[in-house]
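Undergrad: What follows is upload.cif, made up of mmCIF, C-alpha atoms:
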```cif
data_run
loop_
_atom_site.label_atom_id
_atom_site.label_comp_id
_atom_site.auth_asym_id
_atom_site.auth_seq_id
_atom_site.Cartn_x
_atom_site.Cartn_y
_atom_site.Cartn_z
CA MET A 3 16.99 -56.19 -7.11
CA LEU A 4 16.03 -53.08 -5.16
CA PHE A 5 12.84 -54.65 -3.88
CA GLY A 6 15.00 -57.31 -2.26
CA PHE A 7 17.08 -54.53 -0.68
CA PHE A 8 13.86 -52.96 0.60
CA LEU A 9 12.82 -56.25 2.21
CA THR A 10 16.30 -56.66 3.72
CA LEU A 11 15.99 -53.29 5.45
CA ARG A 12 12.56 -54.19 6.81
CA ALA A 13 13.90 -57.50 8.10
CA ALA A 14 16.67 -55.57 9.88
CA GLY A 15 14.03 -53.62 11.82
CA LEU A 16 14.23 -50.33 9.90
CA LYS A 17 10.63 -50.52 8.59
CA PRO A 18 10.83 -48.12 5.62
CA GLY A 19 7.42 -47.54 4.09
CA LEU A 20 6.33 -48.15 0.53
CA GLY A 21 6.18 -44.38 0.00
CA GLU A 22 9.88 -44.03 0.87
CA PHE A 23 10.74 -46.92 -1.44
CA LEU A 24 8.85 -45.29 -4.32
CA ALA A 25 10.64 -42.01 -3.56
CA LEU A 26 13.98 -43.83 -3.86
CA LEU A 27 12.96 -45.30 -7.22
CA GLU A 28 11.87 -41.85 -8.39
CA ALA A 29 15.22 -40.37 -7.37
CA LEU A 30 17.03 -43.07 -9.34
CA ARG A 31 14.76 -42.50 -12.35
CA GLU A 32 15.62 -38.80 -12.25
CA HIS A 33 19.35 -39.63 -12.11
CA VAL A 34 19.96 -37.97 -8.74
CA ILE A 35 23.01 -40.24 -8.57
CA MET A 36 24.93 -41.97 -11.32
CA PHE A 37 26.67 -45.35 -11.22
CA SER A 38 28.17 -45.11 -7.73
CA LEU A 39 27.46 -47.55 -4.90
CA ASP A 40 28.75 -44.98 -2.41
CA ASP A 41 26.30 -42.39 -3.68
CA PHE A 42 23.48 -44.94 -3.65
CA TYR A 43 24.35 -45.79 -0.03
CA VAL A 44 23.93 -42.13 0.98
CA LEU A 45 20.82 -41.57 -1.11
CA ALA A 46 19.04 -44.69 0.17
CA ARG A 47 19.94 -43.90 3.77
CA THR A 48 18.64 -40.35 3.41
CA ILE A 49 15.30 -41.52 2.05
CA LEU A 50 14.68 -44.82 3.84
CA VAL A 51 16.10 -44.31 7.35
CA LYS A 52 13.89 -42.18 9.58
CA ASP A 53 15.93 -42.23 12.79
CA GLU A 54 19.66 -41.44 13.11
CA SER A 55 20.01 -44.04 15.86
CA HIS A 56 19.26 -46.69 13.19
CA PHE A 57 22.21 -45.77 10.95
CA ASP A 58 24.26 -48.69 12.23
CA ARG A 59 21.44 -51.16 11.44
CA TYR A 60 21.26 -49.68 7.97
CA ASP A 61 25.03 -50.00 7.51
CA ARG A 62 24.97 -53.66 8.46
CA ALA A 63 21.95 -54.43 6.27
CA PHE A 64 23.47 -52.54 3.34
CA ALA A 65 26.81 -54.33 3.72
CA ALA A 66 25.09 -57.73 3.91
CA TYR A 67 22.90 -57.15 0.86
CA PHE A 68 25.62 -55.68 -1.35
CA LYS A 69 28.34 -57.95 -0.01
CA GLY A 70 29.29 -59.32 -3.40
CA VAL A 71 29.71 -55.86 -4.89
CA GLU A 72 31.70 -54.48 -1.97
CA LYS A 73 34.12 -57.39 -1.73
CA VAL A 74 35.06 -57.63 -5.40
CA PHE A 75 38.36 -55.75 -5.08
CA GLU A 76 39.06 -56.35 -1.37
CA GLY A 77 42.53 -57.86 -1.83
CA PHE A 78 44.96 -59.00 -4.46
CA ASP A 79 45.70 -62.10 -2.41
CA LYS A 80 42.16 -63.42 -3.07
CA ALA A 81 41.48 -65.92 -5.86
CA ILE A 82 39.98 -63.44 -8.34
CA PRO A 83 40.25 -64.54 -11.97
CA GLU A 84 42.88 -62.35 -13.55
CA GLU A 85 41.09 -62.20 -16.88
CA TRP A 86 37.88 -61.02 -15.19
CA LEU A 87 39.78 -58.38 -13.21
CA ARG A 88 41.50 -57.13 -16.33
CA LEU A 89 38.30 -56.87 -18.32
CA GLU A 90 36.45 -55.01 -15.56
CA ALA A 91 39.25 -52.51 -15.07
CA MET A 92 39.76 -51.95 -18.79
CA LYS A 93 36.11 -50.91 -19.13
CA LEU A 94 36.96 -47.74 -17.22
CA LEU A 95 39.63 -46.62 -19.68
CA SER A 96 39.54 -44.49 -22.76
CA GLU A 97 41.35 -45.60 -25.92
CA GLU A 98 44.15 -43.14 -25.15
CA GLU A 99 44.61 -44.46 -21.61
CA ARG A 100 44.63 -48.05 -22.83
CA ALA A 101 47.41 -47.19 -25.25
CA LYS A 102 49.47 -45.60 -22.46
CA ILE A 103 49.08 -48.65 -20.24
CA GLU A 104 50.16 -51.02 -23.00
CA ALA A 105 53.16 -48.78 -23.71
CA LEU A 106 54.20 -48.91 -20.06
CA GLY A 107 53.98 -52.69 -19.71
CA GLY A 108 50.27 -53.46 -19.54
CA PHE A 109 47.78 -54.13 -16.77
CA ASP A 110 49.50 -57.35 -15.61
CA LYS A 111 52.75 -55.46 -15.07
CA LEU A 112 50.89 -52.75 -13.12
CA MET A 113 49.29 -55.29 -10.74
CA GLU A 114 52.52 -57.22 -10.28
CA THR A 115 54.41 -54.03 -9.38
CA LEU A 116 51.74 -53.00 -6.88
CA LYS A 117 51.97 -56.36 -5.07
CA GLN A 118 55.73 -55.97 -4.89
CA ARG A 119 55.42 -52.42 -3.45
CA LEU A 120 52.97 -53.62 -0.79
CA GLU A 121 55.48 -56.25 0.34
CA GLU A 122 58.47 -53.88 0.39
CA GLN A 123 57.04 -50.64 1.80
CA LYS A 124 57.09 -50.30 5.61
CA GLU A 125 56.06 -46.66 6.23
CA ARG A 126 54.00 -43.74 4.95
CA HIS A 127 55.44 -41.90 1.94
CA GLN A 128 54.71 -38.42 0.59
CA GLY A 129 55.50 -37.47 -3.00
CA GLY A 130 58.06 -39.26 -5.17
CA ASN A 131 57.66 -41.59 -8.11
CA LYS A 132 57.98 -45.10 -6.64
CA TRP A 133 56.41 -45.83 -3.26
CA ILE A 134 52.73 -45.95 -2.31
CA GLY A 135 51.83 -42.53 -0.90
CA THR A 136 50.21 -39.19 -1.49
CA GLY A 137 51.11 -36.70 -4.20
CA GLY A 138 53.99 -37.31 -6.56
CA THR A 139 53.94 -39.36 -9.75
CA SER A 140 54.03 -42.90 -8.38
CA PRO A 141 51.45 -45.21 -9.99
CA PHE A 142 50.20 -46.12 -6.51
CA GLY A 143 48.57 -43.90 -3.87
CA ASN A 144 46.32 -40.86 -4.11
CA GLY A 145 46.45 -37.14 -4.78
CA GLY A 146 49.21 -37.37 -7.37
CA TYR A 147 49.38 -37.84 -11.13
CA ASN A 148 50.10 -40.93 -13.18
CA PRO A 149 48.32 -42.08 -16.35
CA GLU A 150 48.23 -45.73 -15.20
CA GLY A 151 47.74 -45.32 -11.46
CA VAL A 152 45.96 -47.38 -8.84
CA ARG A 153 44.40 -45.15 -6.17
CA ILE A 154 44.89 -46.46 -2.63
CA GLY A 155 42.84 -44.63 0.02
CA GLY A 156 41.87 -40.97 0.01
CA GLU A 157 39.41 -39.24 -2.29
CA GLY A 158 41.54 -39.12 -5.39
CA GLY A 159 43.08 -36.18 -7.14
CA GLN A 160 43.66 -36.31 -10.88
CA LYS A 161 40.89 -38.89 -11.54
CA LYS A 162 43.34 -40.96 -13.63
CA ALA A 163 43.31 -44.16 -11.52
CA VAL A 164 42.76 -47.48 -13.28
CA LYS A 165 41.17 -48.93 -10.12
CA VAL A 166 39.95 -47.33 -6.91
CA TRP A 167 41.53 -49.36 -4.14
CA GLU A 168 39.87 -48.53 -0.87
CA LYS A 169 37.61 -50.27 1.56
CA ARG A 170 34.32 -48.67 2.54
CA GLU A 171 34.06 -48.10 6.29
CA TYR A 172 30.61 -47.69 7.82
CA ARG A 173 30.53 -45.33 10.78
CA ASN A 174 28.54 -46.82 13.65
CA LEU A 175 25.78 -44.61 14.97
CA ASP A 176 23.69 -47.03 16.98
CA ASP A 177 21.82 -46.05 20.12
CA SER A 178 24.51 -47.62 22.33
CA VAL A 179 27.37 -45.35 21.29
CA GLU A 180 28.41 -42.18 23.06
CA LEU A 181 26.73 -38.96 22.09
CA GLY A 182 27.63 -36.05 19.88
CA THR A 183 26.22 -32.56 20.38
CA ARG A 184 23.88 -32.84 17.40
CA ASN A 185 22.49 -36.20 18.54
CA ILE A 186 22.01 -34.86 22.08
CA LYS A 187 19.96 -31.97 20.71
CA VAL A 188 17.74 -34.39 18.82
CA ALA A 189 17.07 -36.31 22.05
CA LEU A 190 16.57 -33.20 24.20
CA ARG A 191 13.93 -31.83 21.83
CA LYS A 192 11.58 -34.52 23.09
CA LEU A 193 11.50 -32.60 26.38
CA ARG A 194 10.19 -29.43 24.73
CA ARG A 195 6.94 -27.83 25.84
CA PHE A 196 6.31 -24.64 23.90
CA ALA A 197 4.48 -21.60 25.26
CA ARG A 198 4.20 -17.94 24.35
CA GLU A 199 5.77 -15.92 27.13
CA GLY A 200 7.17 -12.43 27.56
CA ALA A 201 6.63 -9.21 25.63
CA PRO A 202 4.72 -9.23 22.32
CA GLU A 203 7.54 -9.05 19.79
CA ILE A 204 6.43 -10.85 16.64
CA LEU A 205 3.60 -10.29 14.18
CA ASP A 206 0.39 -12.24 14.79
CA LEU A 207 -0.57 -12.66 11.14
CA ASP A 208 -3.89 -14.41 11.75
CA GLY A 209 -4.85 -11.87 14.40
CA THR A 210 -3.86 -8.98 12.14
CA ILE A 211 -6.00 -10.29 9.26
CA GLU A 212 -8.97 -10.85 11.56
CA GLY A 213 -8.57 -7.44 13.22
CA THR A 214 -8.24 -5.65 9.88
CA ALA A 215 -11.35 -7.37 8.55
CA ARG A 216 -13.32 -6.42 11.64
CA ASN A 217 -12.00 -2.84 11.32
CA ALA A 218 -13.57 -2.27 7.89
CA GLY A 219 -10.26 -2.70 6.10
CA TRP A 220 -8.21 -0.34 8.25
CA LEU A 221 -4.94 -2.05 9.13
CA ASP A 222 -5.00 -3.40 12.69
CA LEU A 223 -1.57 -4.80 13.56
CA ARG A 224 -1.58 -7.48 16.23
CA MET A 225 1.60 -8.63 18.01
CA MET A 226 2.24 -11.67 20.21
CA PRO A 227 5.06 -13.11 22.36
CA GLU A 228 7.57 -15.40 20.66
CA ARG A 229 6.93 -19.12 21.04
CA ARG A 230 9.64 -20.57 23.28
CA ASN A 231 10.47 -23.80 25.02
CA ALA A 232 8.95 -23.36 28.47
CA VAL A 233 10.62 -26.38 30.11
CA LYS A 234 12.80 -25.50 33.11
CA VAL A 235 15.90 -27.55 33.85
CA LEU A 236 18.40 -27.77 36.72
CA LEU A 237 21.58 -29.47 35.54
CA PHE A 238 24.03 -30.84 38.15
CA LEU A 239 27.41 -31.89 36.72
CA ASP A 240 30.02 -34.02 38.49
CA VAL A 241 33.57 -32.79 37.77
CA GLY A 242 37.09 -33.97 38.52
CA GLY A 243 38.59 -37.29 39.51
CA SER A 244 36.96 -40.29 37.85
CA MET A 245 34.91 -37.95 35.63
CA ASP A 246 37.99 -36.69 33.77
CA PRO A 247 37.73 -39.37 31.02
CA HIS A 248 34.14 -38.26 30.38
CA VAL A 249 34.81 -34.54 29.96
CA LYS A 250 34.13 -34.53 26.21
CA VAL A 251 30.68 -36.09 26.35
CA CYS A 252 29.73 -33.90 29.33
CA GLU A 253 30.79 -30.80 27.41
CA GLU A 254 28.65 -31.91 24.48
CA LEU A 255 25.65 -32.47 26.74
CA PHE A 256 26.17 -29.11 28.45
CA SER A 257 26.46 -27.31 25.09
CA ALA A 258 23.30 -28.96 23.78
CA CYS A 259 21.34 -28.13 26.93
CA LYS A 260 22.33 -24.46 26.75
CA THR A 261 21.07 -24.35 23.16
CA GLU A 262 17.81 -26.21 23.69
CA PHE A 263 16.56 -24.79 27.00
CA LYS A 264 15.89 -21.13 27.67
CA HIS A 265 15.27 -21.81 31.36
CA LEU A 266 18.46 -23.66 32.29
CA GLU A 267 20.44 -23.40 35.52
CA TYR A 268 23.57 -25.48 36.01
CA PHE A 269 25.75 -26.33 39.00
CA TYR A 270 28.89 -28.36 39.61
CA PHE A 271 29.66 -30.87 42.35
CA HIS A 272 32.43 -33.38 43.03
CA ASN A 273 31.55 -37.06 43.44
CA PHE A 274 28.29 -36.40 45.30
CA VAL A 275 26.08 -33.46 46.19
CA TYR A 276 26.43 -31.99 49.70
CA GLU A 277 25.42 -28.73 51.39
CA SER A 278 26.78 -26.51 48.60
CA VAL A 279 27.46 -26.47 44.87
CA TRP A 280 29.20 -23.98 42.56
CA LYS A 281 29.07 -22.45 39.07
CA ASP A 282 32.74 -21.67 38.42
CA ASN A 283 35.25 -24.49 38.84
CA ARG A 284 38.11 -22.01 39.06
CA ARG A 285 36.55 -20.41 42.15
CA ARG A 286 34.77 -23.38 43.65
CA HIS A 287 36.38 -22.94 47.05
CA ALA A 288 35.63 -19.21 47.27
CA GLU A 289 32.21 -18.93 45.62
CA ARG A 290 29.90 -21.65 46.87
CA ILE A 291 26.13 -21.67 46.54
CA PRO A 292 24.28 -23.21 49.51
CA LEU A 293 22.03 -26.02 48.37
CA PHE A 294 19.26 -24.58 50.53
CA ASP A 295 19.38 -21.47 48.31
CA VAL A 296 18.85 -23.66 45.25
CA LEU A 297 15.92 -25.42 46.92
CA HIS A 298 14.27 -22.12 47.85
CA ARG A 299 15.01 -20.23 44.63
CA TYR A 300 13.77 -22.69 41.99
CA THR A 301 10.19 -23.91 41.91
CA PRO A 302 9.17 -27.59 41.90
CA ASP A 303 8.24 -27.48 38.21
CA TYR A 304 11.96 -27.57 37.35
CA LYS A 305 13.22 -30.89 36.00
CA VAL A 306 16.54 -32.04 37.46
CA ILE A 307 19.29 -33.88 35.56
CA PHE A 308 22.34 -35.23 37.41
CA VAL A 309 25.36 -36.16 35.28
CA GLY A 310 28.04 -38.23 36.98
CA ASP A 311 29.60 -41.68 37.14
CA ALA A 312 28.54 -42.17 40.80
CA THR A 313 31.85 -43.96 41.28
CA MET A 314 33.43 -43.29 44.69
CA SER A 315 33.66 -44.71 48.17
CA PRO A 316 30.15 -45.51 49.49
CA TYR A 317 31.13 -43.56 52.65
CA GLU A 318 31.02 -40.36 50.54
CA ILE A 319 27.32 -40.96 50.05
CA LEU A 320 26.13 -42.56 53.25
CA HIS A 321 28.14 -41.06 56.16
CA PRO A 322 28.75 -37.58 57.64
CA GLY A 323 32.34 -36.51 57.01
CA GLY A 324 32.54 -38.83 54.01
CA SER A 325 33.44 -36.12 51.48
CA VAL A 326 37.03 -36.29 50.23
CA GLU A 327 37.31 -32.49 50.09
CA HIS A 328 35.73 -31.17 53.26
CA TRP A 329 33.91 -32.16 56.43
CA ASN A 330 30.21 -32.55 55.65
CA GLU A 331 28.02 -32.39 58.75
CA GLU A 332 25.29 -34.36 57.03
CA ALA A 333 25.65 -37.30 54.68
CA GLY A 334 25.32 -36.73 50.96
CA ALA A 335 22.32 -39.07 50.95
CA VAL A 336 20.45 -36.60 53.20
CA TRP A 337 21.02 -33.70 50.81
CA PHE A 338 20.19 -35.83 47.80
CA LYS A 339 16.90 -36.86 49.39
CA ARG A 340 16.01 -33.21 49.96
CA LEU A 341 16.61 -32.49 46.29
CA THR A 342 14.56 -35.41 44.98
CA GLU A 343 11.69 -34.55 47.34
CA ALA A 344 11.70 -30.92 46.19
CA TYR A 345 11.95 -31.89 42.50
CA PRO A 346 10.01 -35.09 41.80
CA ARG A 347 11.09 -35.23 38.16
CA THR A 348 14.75 -36.13 38.52
CA VAL A 349 17.01 -38.44 36.51
CA TRP A 350 20.68 -39.40 36.69
CA LEU A 351 22.76 -39.84 33.50
CA ASN A 352 25.78 -42.09 34.05
CA PRO A 353 28.67 -42.16 31.52
CA GLU A 354 29.93 -45.45 32.99
CA HIS A 355 28.93 -48.53 31.02
CA GLU A 356 25.77 -50.10 32.39
CA ASP A 357 27.47 -53.50 32.78
CA ARG A 358 29.63 -52.06 35.59
CA TRP A 359 26.79 -50.67 37.69
CA GLU A 360 26.04 -53.96 39.40
CA TYR A 361 29.62 -54.30 40.63
CA THR A 362 30.12 -50.73 41.86
CA PRO A 363 28.81 -50.27 45.46
CA SER A 364 28.49 -46.48 45.19
CA ILE A 365 26.38 -46.78 42.01
CA GLN A 366 24.15 -49.27 43.80
CA ALA A 367 23.79 -46.84 46.71
CA THR A 368 22.86 -44.03 44.31
CA LEU A 369 20.34 -46.28 42.58
CA GLN A 370 18.65 -46.97 45.93
CA LEU A 371 18.39 -43.24 46.58
CA ILE A 372 17.11 -42.12 43.19
CA GLY A 373 15.30 -45.29 42.13
CA GLU A 374 16.43 -47.87 39.62
CA ASP A 375 14.07 -46.47 37.00
CA ARG A 376 15.72 -43.03 37.14
CA MET A 377 19.37 -43.76 36.31
CA PHE A 378 20.25 -44.12 32.64
CA PRO A 379 23.50 -44.62 30.68
CA LEU A 380 24.80 -41.55 28.88
CA THR A 381 24.16 -42.99 25.41
CA LEU A 382 21.63 -42.12 22.73
CA ALA A 383 19.24 -44.81 23.97
CA GLY A 384 19.86 -43.92 27.62
CA LEU A 385 19.28 -40.21 27.06
CA ASP A 386 16.11 -40.95 25.14
CA ARG A 387 14.81 -43.10 28.01
CA GLY A 388 15.79 -40.45 30.55
CA ILE A 389 13.98 -37.69 28.67
CA ARG A 390 10.88 -39.86 28.47
CA ARG A 391 11.09 -40.45 32.22
CA LEU A 392 11.23 -36.72 32.88
CA THR A 393 8.05 -36.17 30.91
CA HIS A 394 6.01 -38.64 32.97
#
```
Show how you would write the structure in this file as structure tokens.

TA:
Amino acid sequence: MLFGFFLTLRAAGLKPGLGEFLALLEALREHVIMFSLDDFYVLARTILVKDESHFDRYDRAFAAYFKGVEKVFEGFDKAIPEEWLRLEAMKLLSEEERAKIEALGGFDKLMETLKQRLEEQKERHQGGNKWIGTGGTSPFGNGGYNPEGVRIGGEGGQKKAVKVWEKREYRNLDDSVELGTRNIKVALRKLRRFAREGAPEILDLDGTIEGTARNAGWLDLRMMPERRNAVKVLLFLDVGGSMDPHVKVCEELFSACKTEFKHLEYFYFHNFVYESVWKDNRRRHAERIPLFDVLHRYTPDYKVIFVGDATMSPYEILHPGGSVEHWNEEAGAVWFKRLTEAYPRTVWLNPEHEDRWEYTPSIQATLQLIGEDRMFPLTLAGLDRGIRRLTH
């Protein structure tokens, strides 16, 4: 059966190797998990899936292959043979629990009462001894206590349920969904270029051994600089207005960048970049940084990442005085061209869905300025493509 599951995953594009499959079989042989489809789902994903962006493919392949197992108890309104249902559920019970159920009316009475509760109950219930809810002594719900209960949702409490009644939900993590900080870090690591810079602070073990050997056994300690990510990044972040719905993902990207890059400088702008930017949104009118200072201060080996939806009036990009906040003597396009000429490795990450780009004039104008191969959606796949573009 598991070999068929292995082939199903390969057909779904996951391409697990034979070594991973053998490792899964070894884990099952050693009883890493016991008699739980949920646990098997996690174990198989851990061993067979090599890339987090493929989790959604795995979920769909897993659900398709084990469809019959997952759907067995999906609803009481389905035509499931009652005798089969009773026999399967009774397998889970001890002799003592079976006696209690018979004393309280039997399994048929339990199922009939549950169907009646589902029809009558209209709201969430906490505690008590009748309605479906959490806590309490009702036979239906979770987190409470009843010797003949049916758990509905939750993780269970007293482990006395006759039947676990909950539907497995697979969390999508495909490369088209928005990012989380951890996933951003995984993508940003592809931009790493390590070098040893700064003061010698850590022990050079190989050098120490070699030096000691050459020194007739007298200890010769050798130190070396710590190995750090030498990539330099300028991050320009659009804030306010149409970017407000995208604050969360921008915060996650900003947090990940600060963790991954030692040489990171960031600046804010609104809608489009003009003659000045700023570092503190609370003092953006009082403490501006001339863009010429940025151009002169940071060397061309910096990589530039713009983050913004590029959604505004095209006049804000193409005409002097187009800014909605101040009078700009030169068009934003002029300043943007200066930046891209000074820093050839530049990309734009856009949180707006890619399907809307074609119908948004300002995004089309930005694409003409930066190049169609340098704007990417702010998704896992888009960030991965953008990082690859920065490295070439």

Undergrad: Report the distance between atom CA of Leu39 of chain A and atom CA of Lys17 of chain A in Å, rounded to one decimal place.

TA: 21.8 Å

Undergrad: Using the chain letters and numbers from the file, give me the residues hit by the PyMOL selection byres ((chain A and resi 343-353) around 9), as a PyMOL selection string.

TA: chain A and resi 180+245+248+251-252+297+301-312+338-342+354-356+372+375-381+384-385+388-389+391-394

Undergrad: Counting all atoms listed in the file, find the residues whose atoms lie at most 10 Å from (33.2, -39.7, 53.0) (file coordinates) and write them out as an NGL selection string.

TA: :A and (274 or 314-330 or 333-334)

Undergrad: Let me make sure I understand: among A:Ile49, A:Leu255, A:Val241, A:Leu205, which one has the smallest atom-to-atom distance to Arg224 of chain A if we use all atoms listed in the file?

TA: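 Using all atoms listed in the file, Arg224 of chain A sits closest to A:Leu205.
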
Undergrad: Go through A:Phe263, A:Pro363, A:Ser38, A:Glu54 one by one, measure the shortest atom-to-atom distance of each to Ala383 of chain A using all atoms listed in the file, and give the residue with the smallest value.

TA: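 Using all atoms listed in the file, Ala383 of chain A sits closest to A:Glu54.
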
Undergrad: Could you jot down the atom CA of Thr368 of chain A to atom CA of Thr261 of chain A separation for me, Å, one decimal place?

TA: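 So the answer is 28.9 Å.
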
Undergrad: Rounded to one decimal in Å, what is the spacing between atom CA of Ala288 of chain A and atom CA of Asp240 of chain A?

TA: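 Going from atom CA of Ala288 of chain A over to atom CA of Asp240 of chain A, I get 18.1 Å.
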
Undergrad: Using the structure just given, write a file holding C-alpha atoms for segment 240-303 of chain A, as an mmCIF file, in the first residue's frame.

TA:
```
data_model
loop_
_atom_site.group_PDB
_atom_site.id
_atom_site.type_symbol
_atom_site.label_atom_id
_atom_site.label_comp_id
_atom_site.auth_asym_id
_atom_site.auth_seq_id
_atom_site.Cartn_x
_atom_site.Cartn_y
_atom_site.Cartn_z
ATOM 1 C CA ASP A 240 6.319 51.971 0.519
ATOM 2 C CA VAL A 241 4.111 52.992 3.469
ATOM 3 C CA GLY A 242 0.637 54.446 3.925
ATOM 4 C CA GLY A 243 -2.425 54.670 1.722
ATOM 5 C CA SER A 244 -3.000 51.615 -0.457
ATOM 6 C CA MET A 245 -0.168 49.792 1.355
ATOM 7 C CA ASP A 246 -2.084 49.672 4.646
ATOM 8 C CA PRO A 247 -3.675 46.249 3.881
ATOM 9 C CA HIS A 248 -0.182 44.842 3.281
ATOM 10 C CA VAL A 249 1.411 46.003 6.543
ATOM 11 C CA LYS A 250 1.641 42.503 8.032
ATOM 12 C CA VAL A 251 3.533 40.895 5.162
ATOM 13 C CA CYS A 252 5.832 43.925 4.892
ATOM 14 C CA GLU A 253 6.615 43.701 8.599
ATOM 15 C CA GLU A 254 7.441 40.016 8.171
ATOM 16 C CA LEU A 255 9.737 40.761 5.239
ATOM 17 C CA PHE A 256 11.427 43.605 7.130
ATOM 18 C CA SER A 257 11.949 41.400 10.205
ATOM 19 C CA ALA A 258 13.429 38.592 8.115
ATOM 20 C CA CYS A 259 15.766 40.959 6.271
ATOM 21 C CA LYS A 260 17.088 42.417 9.524
ATOM 22 C CA THR A 261 17.863 38.896 10.738
ATOM 23 C CA GLU A 262 19.461 37.588 7.555
ATOM 24 C CA PHE A 263 21.588 40.534 6.406
ATOM 25 C CA LYS A 264 24.319 42.162 8.455
ATOM 26 C CA HIS A 265 24.740 44.927 5.873
ATOM 27 C CA LEU A 266 21.161 46.194 5.594
ATOM 28 C CA GLU A 267 19.990 49.780 5.174
ATOM 29 C CA TYR A 268 16.296 50.566 4.904
ATOM 30 C CA PHE A 269 14.297 53.625 3.879
ATOM 31 C CA TYR A 270 10.630 54.534 3.594
ATOM 32 C CA PHE A 271 8.782 56.314 0.802
ATOM 33 C CA HIS A 272 5.138 56.980 -0.051
ATOM 34 C CA ASN A 273 3.741 55.755 -3.374
ATOM 35 C CA PHE A 274 6.922 56.480 -5.334
ATOM 36 C CA VAL A 275 10.493 57.517 -4.665
ATOM 37 C CA TYR A 276 11.376 61.214 -5.105
ATOM 38 C CA GLU A 277 14.236 63.476 -4.014
ATOM 39 C CA SER A 278 14.183 62.284 -0.386
ATOM 40 C CA VAL A 279 13.337 59.279 1.764
ATOM 41 C CA TRP A 280 13.188 58.731 5.540
ATOM 42 C CA LYS A 281 13.880 56.181 8.285
ATOM 43 C CA ASP A 282 11.311 57.145 10.923
ATOM 44 C CA ASN A 283 7.678 57.401 9.847
ATOM 45 C CA ARG A 284 6.823 59.437 12.929
ATOM 46 C CA ARG A 285 9.293 62.155 11.869
ATOM 47 C CA ARG A 286 9.124 61.815 8.115
ATOM 48 C CA HIS A 287 8.373 65.484 7.566
ATOM 49 C CA ALA A 288 11.167 66.718 9.841
ATOM 50 C CA GLU A 289 13.957 64.199 9.215
ATOM 51 C CA ARG A 290 14.353 63.546 5.506
ATOM 52 C CA ILE A 291 17.354 61.948 3.847
ATOM 53 C CA PRO A 292 18.210 63.367 0.408
ATOM 54 C CA LEU A 293 18.291 60.626 -2.186
ATOM 55 C CA PHE A 294 21.552 62.050 -3.496
ATOM 56 C CA ASP A 295 23.080 61.242 -0.083
ATOM 57 C CA VAL A 296 21.969 57.628 -0.474
ATOM 58 C CA LEU A 297 23.454 57.466 -3.967
ATOM 59 C CA HIS A 298 26.790 58.854 -2.774
ATOM 60 C CA ARG A 299 27.015 56.956 0.511
ATOM 61 C CA TYR A 300 26.361 53.379 -0.614
ATOM 62 C CA THR A 301 28.530 51.645 -3.177
ATOM 63 C CA PRO A 302 27.208 50.007 -6.366
ATOM 64 C CA ASP A 303 27.706 46.508 -4.945
#
```
